[in-house]
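Novice: What follows is run_27.cif, mmCIF, C-alpha atoms.
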```
data_model
#
loop_
_atom_site.label_atom_id
_atom_site.label_comp_id
_atom_site.auth_asym_id
_atom_site.auth_seq_id
_atom_site.Cartn_x
_atom_site.Cartn_y
_atom_site.Cartn_z
CA MET A 664 -22.79 51.66 18.00
CA PRO A 665 -23.41 48.76 20.40
CA SER A 666 -26.64 48.66 22.29
CA THR A 667 -26.51 49.92 25.88
CA TYR A 668 -29.90 48.45 26.73
CA LYS A 669 -29.25 45.58 29.08
CA LYS A 670 -32.02 43.60 30.64
CA GLU A 671 -31.88 40.47 32.69
CA LYS A 672 -33.01 37.30 30.94
CA PRO A 673 -34.22 34.81 33.54
CA TRP A 674 -34.72 32.09 30.89
CA ASP A 675 -31.06 32.30 29.74
CA THR A 676 -29.25 29.92 32.13
CA ASP A 677 -25.83 28.26 31.92
CA ASP A 678 -27.23 24.77 31.40
CA ILE A 679 -28.65 25.72 27.97
CA ASP A 680 -26.63 24.51 24.97
CA LYS A 681 -26.92 27.39 22.48
CA TRP A 682 -25.17 25.46 19.73
CA LYS A 683 -27.55 22.50 19.81
CA GLU A 684 -29.58 22.01 16.63
CA ASP A 685 -33.05 20.59 17.12
CA SER A 686 -34.21 17.87 14.76
CA PHE A 687 -36.28 18.94 11.77
CA THR A 688 -39.96 17.91 12.08
CA PRO A 689 -42.69 17.66 9.40
CA GLU A 690 -44.54 20.61 11.01
CA GLN A 691 -41.59 22.92 10.24
CA ASN A 692 -41.83 22.19 6.52
CA THR A 693 -44.25 24.97 5.56
CA GLY A 694 -43.46 24.69 1.84
CA GLY A 695 -45.15 21.29 1.45
CA THR A 696 -43.89 18.65 -1.00
CA PHE A 697 -40.90 19.22 -3.25
CA SER A 698 -41.50 20.44 -6.80
CA GLU A 699 -38.86 18.11 -8.33
CA GLU A 700 -37.56 14.67 -7.51
CA SER A 701 -33.94 14.33 -6.38
CA SER A 702 -32.10 11.03 -6.70
CA PHE A 703 -28.59 9.63 -6.18
CA ALA A 704 -27.14 6.31 -7.31
CA THR A 705 -23.89 4.46 -6.60
CA LEU A 706 -22.33 1.17 -7.72
CA PHE A 707 -21.20 -1.55 -5.33
CA PRO A 708 -18.70 -4.42 -5.78
CA LYS A 709 -19.80 -7.98 -6.51
CA TYR A 710 -18.75 -9.37 -3.11
CA ARG A 711 -21.21 -7.00 -1.33
CA GLU A 712 -24.24 -8.35 -3.22
CA THR A 713 -25.15 -11.13 -0.73
CA TYR A 714 -24.81 -8.89 2.33
CA LEU A 715 -26.83 -6.01 0.83
CA LYS A 716 -29.56 -8.39 -0.28
CA ALA A 717 -29.90 -9.72 3.27
CA SER A 718 -29.79 -6.32 5.02
CA TRP A 719 -31.87 -4.34 2.50
CA PRO A 720 -35.17 -4.56 4.49
CA THR A 721 -33.44 -2.88 7.48
CA ILE A 722 -32.13 -0.08 5.25
CA THR A 723 -35.55 0.42 3.64
CA ARG A 724 -37.25 0.75 7.04
CA ALA A 725 -34.66 3.32 8.21
CA LEU A 726 -35.12 5.44 5.06
CA GLU A 727 -38.93 5.23 5.15
CA LYS A 728 -38.94 7.19 8.44
CA HIS A 729 -37.46 10.14 6.51
CA GLY A 730 -39.72 9.65 3.47
CA ILE A 731 -36.90 8.39 1.18
CA ALA A 732 -37.42 5.58 -1.34
CA CYS A 733 -34.57 3.20 -2.17
CA THR A 734 -34.01 0.50 -4.79
CA LEU A 735 -31.37 -2.24 -5.06
CA ASP A 736 -30.50 -3.32 -8.61
CA LEU A 737 -28.57 -6.61 -8.52
CA VAL A 738 -28.31 -6.81 -12.33
CA GLU A 739 -26.46 -3.51 -12.73
CA GLY A 740 -24.95 -3.68 -9.23
CA SER A 741 -26.23 -0.29 -8.11
CA MET A 742 -28.16 1.35 -5.24
CA THR A 743 -30.50 4.31 -5.79
CA VAL A 744 -32.19 6.69 -3.32
CA LYS A 745 -34.78 9.33 -4.26
CA THR A 746 -37.24 11.72 -2.65
CA THR A 747 -41.00 11.04 -2.50
CA ARG A 748 -44.09 13.09 -1.71
CA LYS A 749 -43.66 12.12 1.96
CA THR A 750 -40.15 13.65 2.19
CA TYR A 751 -40.20 16.68 4.50
CA ASP A 752 -36.48 17.30 5.27
CA PRO A 753 -34.40 18.58 2.29
CA ALA A 754 -31.14 17.37 3.94
CA SER A 755 -32.38 13.78 4.31
CA ILE A 756 -31.66 12.95 0.66
CA LEU A 757 -28.01 14.00 1.17
CA ASN A 758 -27.77 11.75 4.24
CA ALA A 759 -29.28 8.92 2.19
CA ARG A 760 -26.62 9.50 -0.48
CA ASP A 761 -23.91 9.17 2.21
CA LEU A 762 -25.61 6.00 3.47
CA ILE A 763 -25.40 4.14 0.13
CA LYS A 764 -21.83 5.38 -0.34
CA LEU A 765 -20.83 3.84 3.01
CA LEU A 766 -22.66 0.60 2.25
CA SER A 767 -20.74 0.24 -1.01
CA ARG A 768 -17.46 0.66 0.94
CA SER A 769 -18.21 -2.38 3.17
CA VAL A 770 -19.49 -0.48 6.23
CA PRO A 771 -21.98 -2.69 8.17
CA ALA A 772 -25.64 -1.67 7.72
CA PRO A 773 -26.38 -1.04 11.47
CA GLN A 774 -23.40 1.32 11.62
CA ALA A 775 -24.07 3.04 8.26
CA VAL A 776 -27.70 3.83 9.23
CA LYS A 777 -26.39 6.15 11.98
CA VAL A 778 -25.37 8.67 9.30
CA LEU A 779 -29.07 9.60 8.99
CA GLU A 780 -28.93 11.12 12.49
CA ASP A 781 -28.23 14.83 13.05
CA GLY A 782 -24.63 15.68 13.94
CA VAL A 783 -23.20 12.54 12.28
CA ALA A 784 -21.34 12.97 9.00
CA CYS A 785 -19.14 10.71 6.91
CA ASP A 786 -15.96 11.03 4.87
CA VAL A 787 -14.52 8.51 2.40
CA ILE A 788 -10.77 9.18 2.07
CA LYS A 789 -9.15 7.86 -1.12
CA VAL A 790 -5.62 6.83 -0.15
CA ARG A 791 -4.39 4.83 -3.17
CA GLY A 792 -3.47 7.92 -5.20
CA LEU A 793 -1.30 9.32 -2.39
CA VAL A 794 1.41 6.62 -2.76
CA ARG A 795 2.70 5.36 -6.11
CA ASN A 796 4.51 2.20 -5.05
CA LYS A 797 2.12 -0.69 -4.29
CA GLU A 798 4.32 -2.33 -1.60
CA ARG A 799 4.91 0.98 0.15
CA PHE A 800 1.17 1.73 0.03
CA VAL A 801 0.31 -1.62 1.68
CA LYS A 802 2.86 -1.03 4.49
CA ARG A 803 1.60 2.49 5.21
CA ARG A 804 -2.02 1.38 5.12
CA GLN A 805 -1.13 -1.31 7.68
CA ARG A 806 0.26 1.43 9.95
CA ILE A 807 -3.25 2.91 10.26
CA LEU A 808 -4.49 -0.43 11.60
CA GLY A 809 -1.47 -1.12 13.81
CA PRO A 810 -0.68 -4.45 15.54
CA ASN A 811 -3.99 -6.27 16.13
CA GLY A 812 -5.88 -3.08 15.23
CA SER A 813 -4.60 -1.20 18.30
CA THR A 814 -3.73 2.03 16.44
CA LEU A 815 -7.14 2.14 14.77
CA LYS A 816 -8.91 1.54 18.10
CA ALA A 817 -6.92 4.35 19.77
CA LEU A 818 -7.87 6.76 16.96
CA GLU A 819 -11.55 5.80 17.26
CA LEU A 820 -11.54 6.37 21.05
CA LEU A 821 -9.71 9.71 20.88
CA THR A 822 -11.76 11.17 18.00
CA GLN A 823 -15.11 9.51 18.88
CA THR A 824 -15.50 8.22 15.32
CA TYR A 825 -15.97 4.95 13.43
CA ILE A 826 -13.09 4.13 11.03
CA LEU A 827 -13.02 1.33 8.45
CA VAL A 828 -9.98 0.66 6.25
CA GLN A 829 -11.13 -1.19 3.13
CA GLY A 830 -9.13 -1.58 -0.08
CA ASN A 831 -8.10 1.78 -1.49
CA THR A 832 -10.29 3.90 0.83
CA VAL A 833 -10.72 4.77 4.51
CA SER A 834 -14.35 5.35 5.58
CA VAL A 835 -14.92 7.58 8.62
CA MET A 836 -18.14 8.40 10.51
CA GLY A 837 -18.51 10.95 13.30
CA GLY A 838 -18.62 14.65 14.10
CA TYR A 839 -17.35 17.30 11.67
CA LYS A 840 -14.28 18.29 13.75
CA SER A 841 -13.36 14.65 14.30
CA LEU A 842 -13.54 13.95 10.56
CA LYS A 843 -10.98 16.69 9.91
CA GLU A 844 -8.62 15.23 12.52
CA VAL A 845 -8.89 11.70 11.15
CA ARG A 846 -8.35 12.92 7.57
CA ARG A 847 -5.17 14.72 8.68
CA VAL A 848 -3.89 11.59 10.45
CA VAL A 849 -4.59 9.33 7.44
CA GLU A 850 -3.05 11.69 4.87
CA ASP A 851 0.05 12.19 7.03
CA CYS A 852 0.35 8.42 7.46
CA MET A 853 0.43 8.05 3.67
CA ALA A 854 3.11 10.79 3.63
CA ASN A 855 5.30 8.59 5.92
CA ILE A 856 4.39 10.24 9.27
CA HIS A 857 3.46 7.56 11.80
CA PRO A 858 -0.03 7.87 13.40
CA ILE A 859 1.47 7.42 16.90
CA TYR A 860 2.68 11.04 16.83
CA HIS A 861 -0.85 12.29 16.18
CA ILE A 862 -2.25 9.96 18.86
CA LYS A 863 0.13 11.49 21.44
CA GLU A 864 -0.95 14.97 20.36
CA LEU A 865 -4.66 14.08 20.61
CA MET A 866 -4.18 12.61 24.10
CA ILE A 867 -2.51 15.81 25.30
CA LYS A 868 -5.26 17.95 23.76
CA ARG A 869 -7.93 15.88 25.48
CA GLU A 870 -6.29 16.41 28.88
CA LEU A 871 -5.84 20.14 28.24
CA ALA A 872 -9.51 20.51 27.27
CA LYS A 873 -10.52 19.34 30.76
CA ASP A 874 -8.78 22.33 32.39
CA PRO A 875 -11.05 25.42 32.21
CA GLU A 876 -8.12 27.78 32.90
CA LEU A 877 -6.36 26.73 29.68
CA ALA A 878 -9.50 26.95 27.52
CA GLY A 879 -8.60 30.36 26.06
CA GLU A 880 -4.81 29.91 25.86
CA ASN A 881 -2.51 28.71 23.12
CA TRP A 882 -1.60 25.02 23.53
CA ASP A 883 1.51 24.96 21.33
CA ARG A 884 3.87 24.99 24.33
CA PHE A 885 2.30 21.77 25.64
CA LEU A 886 2.22 19.86 22.35
CA PRO A 887 5.24 17.75 21.31
CA HIS A 888 7.39 18.88 18.37
CA PHE A 889 8.97 15.95 16.56
CA LYS A 890 12.04 16.70 14.47
CA LYS A 891 12.96 14.80 11.34
CA ARG A 892 15.93 12.51 11.90
CA ASN A 893 16.98 12.27 8.23
CA LEU A 894 20.55 13.60 8.31
CA SER A 895 21.10 13.72 4.57
CA LYS A 896 18.74 13.36 1.63
CA ARG A 897 21.60 12.93 -0.86
CA HIS A 898 21.30 9.78 -2.94
CA LYS A 899 24.17 7.38 -2.23
CA PRO A 900 25.03 4.68 -4.80
CA HIS A 901 25.06 1.03 -3.75
CA LYS A 902 28.59 0.46 -5.12
CA ILE A 903 31.03 3.19 -4.10
CA THR A 904 34.19 3.04 -6.22
CA ASP A 905 37.45 4.19 -4.66
CA LYS A 906 38.69 7.11 -6.78
CA ASN A 907 42.13 7.17 -5.10
CA ARG A 908 43.22 3.98 -6.88
CA LYS A 909 42.72 5.44 -10.35
CA THR A 910 45.70 7.28 -11.81
CA TYR A 911 45.02 10.80 -12.99
CA THR A 912 45.26 11.42 -16.74
CA PRO A 913 44.67 14.83 -18.34
CA PHE A 914 43.26 13.20 -21.47
CA PRO A 915 39.53 12.43 -21.73
CA PRO A 916 38.39 8.81 -22.22
CA PRO A 917 38.08 7.61 -25.83
CA GLN A 918 34.72 8.23 -27.46
CA GLU A 919 32.46 5.18 -27.61
CA LYS A 920 31.70 3.88 -31.07
CA SER A 921 28.21 4.46 -32.35
CA LYS A 922 25.93 1.80 -33.76
CA VAL A 923 26.73 2.89 -37.34
CA ASP A 924 30.51 2.66 -36.70
CA LEU A 925 30.13 -0.88 -35.36
CA GLN A 926 28.05 -1.84 -38.42
CA ILE A 927 30.72 -0.41 -40.77
CA GLU A 928 33.46 -2.40 -38.98
CA SER A 929 31.52 -5.66 -39.20
CA GLY A 930 30.46 -4.96 -42.82
CA GLU A 931 26.77 -5.11 -42.00
CA TYR A 932 26.31 -1.47 -43.01
CA PHE A 933 27.07 -2.23 -46.69
CA LEU A 934 24.68 -5.17 -46.95
CA THR A 935 21.38 -4.87 -48.75
CA GLN A 936 18.08 -5.04 -46.88
CA GLN A 937 17.49 -8.64 -48.03
CA ALA A 938 20.98 -9.68 -46.88
CA LYS A 939 20.41 -8.05 -43.45
CA GLU A 940 17.11 -9.86 -43.03
CA ARG A 941 18.77 -13.12 -44.09
CA ALA A 942 21.57 -12.63 -41.54
CA GLN A 943 19.08 -11.90 -38.76
CA LYS A 944 17.05 -14.96 -39.77
CA ASP A 945 20.17 -17.18 -39.65
CA LYS A 946 21.11 -15.73 -36.26
CA ARG A 947 17.65 -16.47 -34.89
CA ALA A 948 17.75 -19.99 -36.31
CA ASP A 949 21.13 -20.65 -34.60
CA MET A 950 19.76 -19.44 -31.25
CA VAL A 951 16.67 -21.64 -31.62
CA ARG A 952 18.88 -24.61 -32.51
CA GLU A 953 21.07 -24.10 -29.43
CA LYS A 954 18.08 -23.80 -27.12
CA THR A 955 16.44 -26.90 -28.64
CA ALA A 956 19.63 -28.90 -28.15
CA GLU A 957 19.91 -27.73 -24.55
CA ARG A 958 16.29 -28.66 -23.85
CA GLN A 959 16.79 -32.08 -25.45
CA ARG A 960 19.88 -32.66 -23.29
CA LYS A 961 17.92 -31.80 -20.13
CA ARG A 962 15.13 -34.20 -21.14
CA GLU A 963 17.63 -37.03 -21.77
CA GLU A 964 19.16 -36.55 -18.33
CA ALA A 965 15.94 -37.83 -16.78
CA PHE A 966 16.27 -41.13 -18.71
CA GLU A 967 19.89 -41.86 -17.70
CA ALA A 968 20.21 -44.86 -15.38
CA PRO A 969 21.49 -44.04 -11.88
CA LYS A 970 24.82 -45.48 -10.79
CA GLU A 971 24.53 -48.69 -8.76
CA ASP A 972 26.26 -49.23 -5.41
CA ASN A 973 28.28 -52.21 -6.68
CA GLN A 974 29.91 -50.16 -9.41
CA ILE A 975 30.83 -47.42 -6.95
CA LYS A 976 32.36 -49.97 -4.55
CA LYS A 977 34.38 -51.58 -7.38
CA LYS A 978 35.75 -48.20 -8.43
CA LYS A 979 36.78 -47.44 -4.83
CA LYS A 980 38.57 -50.84 -4.58
CA LYS A 981 40.42 -50.20 -7.87
CA LYS A 982 41.52 -46.82 -6.56
CA ARG A 983 42.79 -48.36 -3.33
CA LYS A 984 44.72 -51.04 -5.29
CA SER A 985 46.26 -48.48 -7.60
CA ASP A 986 47.24 -46.31 -4.60
CA GLY A 987 48.82 -49.40 -2.96
CA GLU A 988 50.78 -50.22 -6.12
CA VAL A 989 52.05 -46.65 -6.35
CA ASP A 990 53.12 -46.74 -2.69
CA GLY A 991 54.91 -50.09 -3.25
CA GLU A 992 56.83 -48.78 -6.26
CA ALA A 993 57.84 -45.67 -4.30
CA GLU A 994 59.22 -47.83 -1.45
CA LYS A 995 61.19 -49.98 -3.92
CA LYS A 996 62.77 -46.89 -5.45
CA LYS A 997 63.74 -45.59 -1.98
CA ARG A 998 65.38 -48.93 -1.15
CA ARG A 999 67.35 -48.92 -4.40
CA LYS A 1000 68.59 -45.39 -3.77
CA GLY A 1001 69.59 -46.33 -0.21
CA ALA A 1002 71.50 -49.36 -1.46
CA ALA A 1003 73.39 -47.29 -4.09
CA VAL A 1004 74.38 -44.69 -1.49
CA ASP A 1005 75.70 -47.44 0.85
CA ALA A 1006 77.77 -48.93 -1.98
CA GLN A 1007 79.35 -45.58 -2.78
CA VAL A 1008 80.26 -45.03 0.88
CA GLN A 1009 81.95 -48.45 1.11
#
```
Kindly return the structure encoded in the file as structure tokens.
Specialist:
Amino acid sequence: MPSTYKKEKPWDTDDIDKWKEDSFTPEQNTGGTFSEESSFATLFPKYRETYLKASWPTITRALEKHGIACTLDLVEGSMTVKTTRKTYDPASILNARDLIKLLSRSVPAPQAVKVLEDGVACDVIKVRGLVRNKERFVKRRQRILGPNGSTLKALELLTQTYILVQGNTVSVMGGYKSLKEVRRVVEDCMANIHPIYHIKELMIKRELAKDPELAGENWDRFLPHFKKRNLSKRHKPHKITDKNRKTYTPFPPPQEKSKVDLQIESGEYFLTQQAKERAQKDKRADMVREKTAERQRKREEAFEAPKEDNQIKKKKKKKRKSDGEVDGEAEKKKRRKGAAVDAQVQ
């Protein structure tokens, strides 16, 4: 039964954020130091070695405030974080684990350090396994960035997050609700749904959130519904043969001969194993001989002397002379025929 005792609370005003979580202080840790040491390690690629070496003092100073120790092993290519006797917040080691994970995925150190703050989380989305074809994967990953990074910038502004597309992963930093939205956009992009549709939806939601009257209503009637424009999913062949040209026959096509039938016809089936090997060897030798001769012919072409201009001119003159002679003979024949016809007429 609900309580009917109602009393005014003068300290409970509208300007108080009841969902706000205060930061954890050393005074709140009444249990003292931890009984066991917790540690996390992660590997990083070779190209990150120089950058991590230069920015490691900054990372160490940021982790020391939370009582976390960190080590950078350049031989093995790994980063390790672990709790110490000064660690007072149990969740700080998990934030430190997220920090080294982001650093290994090429997130800049000043940005990655923000994950140690309360209310900031991270998510590393693995996108390579979502698309099989390499070329298709590269195109869809480029869609997340957009022309000159405009799509990525729009997503960051609408979701209030930091997004970095690197290799086979997408690293995201921000609030918990924003991380879910970005993950949905990225996974749908890999499933061939363009991010611009989600950006339009997020823009509408942001405008609707400003109206206090619509806070408790369903927003589905305001959101756009995009229909798929694929008319048919039936596979069409590249070469469509016209079936009307073929004459209809009730008889089925003749059965294709098997490999054994072809061997029996050629006589190869009755040969011994040694004879078969010998025939294959001779066949290979003939192919090698043909290829060698062709290669030799191509090499000799480079050593052939080019035709000189004088020879070409002489050939052209000879052709002209021969053409002139042929024309002269043809005219003589015409004259003779004309003379014979005149004689007959007389």
Novice: So, with all atoms listed in the file as the atoms that count, which of A:Gln943, A:Thr734, A:Thr824, A:Ser702 lies closest to Trp719 in chain A?
Specialist: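 Among A:Gln943, A:Thr734, A:Thr824, A:Ser702, it is A:Thr734 that comes nearest to Trp719 in chain A.
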Novice: When the PyMOL selection byres ((chain A and resi 720-727) around 12) is applied to the structure above, which residues does it catch, written out as a PyMOL selection string?
Specialist: chain A and resi 714-719+728-735+742-752+755-760+762-763+766+771-780
Novice: Just so the selection is clear, what residues does the PyMOL selection byres ((chain A and resi 784) around 7) cover here, as a ChimeraX atom specification?
Specialist: /A:778,782-783,785,836-839
Novice: Determine the residue set returned by the PyMOL selection byres ((chain A and resi 848-865) around 10) for the present structure, and present it as a PDB file with C-alpha atoms, keeping the file's coordinate frame.
Specialist:
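Printed below is part_20.pdb as written:
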```pdb
ATOM      1  CA  ILE A 788     -10.770   9.180   2.070  1.00  0.00           C
ATOM      2  CA  LYS A 789      -9.150   7.860  -1.120  1.00  0.00           C
ATOM      3  CA  VAL A 790      -5.620   6.830  -0.150  1.00  0.00           C
ATOM      4  CA  ARG A 791      -4.390   4.830  -3.170  1.00  0.00           C
ATOM      5  CA  GLY A 792      -3.470   7.920  -5.200  1.00  0.00           C
ATOM      6  CA  LEU A 793      -1.300   9.320  -2.390  1.00  0.00           C
ATOM      7  CA  VAL A 794       1.410   6.620  -2.760  1.00  0.00           C
ATOM      8  CA  ARG A 799       4.910   0.980   0.150  1.00  0.00           C
ATOM      9  CA  PHE A 800       1.170   1.730   0.030  1.00  0.00           C
ATOM     10  CA  VAL A 801       0.310  -1.620   1.680  1.00  0.00           C
ATOM     11  CA  LYS A 802       2.860  -1.030   4.490  1.00  0.00           C
ATOM     12  CA  ARG A 803       1.600   2.490   5.210  1.00  0.00           C
ATOM     13  CA  ARG A 804      -2.020   1.380   5.120  1.00  0.00           C
ATOM     14  CA  GLN A 805      -1.130  -1.310   7.680  1.00  0.00           C
ATOM     15  CA  ARG A 806       0.260   1.430   9.950  1.00  0.00           C
ATOM     16  CA  ILE A 807      -3.250   2.910  10.260  1.00  0.00           C
ATOM     17  CA  LEU A 808      -4.490  -0.430  11.600  1.00  0.00           C
ATOM     18  CA  GLY A 809      -1.470  -1.120  13.810  1.00  0.00           C
ATOM     19  CA  THR A 814      -3.730   2.030  16.440  1.00  0.00           C
ATOM     20  CA  LEU A 815      -7.140   2.140  14.770  1.00  0.00           C
ATOM     21  CA  ALA A 817      -6.920   4.350  19.770  1.00  0.00           C
ATOM     22  CA  LEU A 818      -7.870   6.760  16.960  1.00  0.00           C
ATOM     23  CA  LEU A 821      -9.710   9.710  20.880  1.00  0.00           C
ATOM     24  CA  THR A 822     -11.760  11.170  18.000  1.00  0.00           C
ATOM     25  CA  VAL A 833     -10.720   4.770   4.510  1.00  0.00           C
ATOM     26  CA  LEU A 842     -13.540  13.950  10.560  1.00  0.00           C
ATOM     27  CA  LYS A 843     -10.980  16.690   9.910  1.00  0.00           C
ATOM     28  CA  GLU A 844      -8.620  15.230  12.520  1.00  0.00           C
ATOM     29  CA  VAL A 845      -8.890  11.700  11.150  1.00  0.00           C
ATOM     30  CA  ARG A 846      -8.350  12.920   7.570  1.00  0.00           C
ATOM     31  CA  ARG A 847      -5.170  14.720   8.680  1.00  0.00           C
ATOM     32  CA  MET A 866      -4.180  12.610  24.100  1.00  0.00           C
ATOM     33  CA  ILE A 867      -2.510  15.810  25.300  1.00  0.00           C
ATOM     34  CA  LYS A 868      -5.260  17.950  23.760  1.00  0.00           C
ATOM     35  CA  ARG A 869      -7.930  15.880  25.480  1.00  0.00           C
ATOM     36  CA  GLU A 870      -6.290  16.410  28.880  1.00  0.00           C
ATOM     37  CA  LEU A 871      -5.840  20.140  28.240  1.00  0.00           C
ATOM     38  CA  PHE A 885       2.300  21.770  25.640  1.00  0.00           C
ATOM     39  CA  LEU A 886       2.220  19.860  22.350  1.00  0.00           C
ATOM     40  CA  PRO A 887       5.240  17.750  21.310  1.00  0.00           C
ATOM     41  CA  HIS A 888       7.390  18.880  18.370  1.00  0.00           C
ATOM     42  CA  PHE A 889       8.970  15.950  16.560  1.00  0.00           C
ATOM     43  CA  LYS A 891      12.960  14.800  11.340  1.00  0.00           C
TER      44      LYS A 891
END
```
Novice: I'd like the interatomic distance between CA of Glu931 in chain A and CA of Ala956 in chain A, to a tenth of an Å.
Specialist: 28.4 Å
Novice: Just to confirm, what's the straight-line distance from CA of Val770 in chain A to CA of Ile826 in chain A in Å (one decimal)?
Specialist: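 Between these atoms lies a distance of 9.2 Å.
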Novice: CA of Lys946 in chain A and CA of Arg960 in chain A, how far apart in Å?
Specialist: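 Spanning CA of Arg960 in chain A to CA of Lys946 in chain A is a straight-line distance of 21.4 Å.
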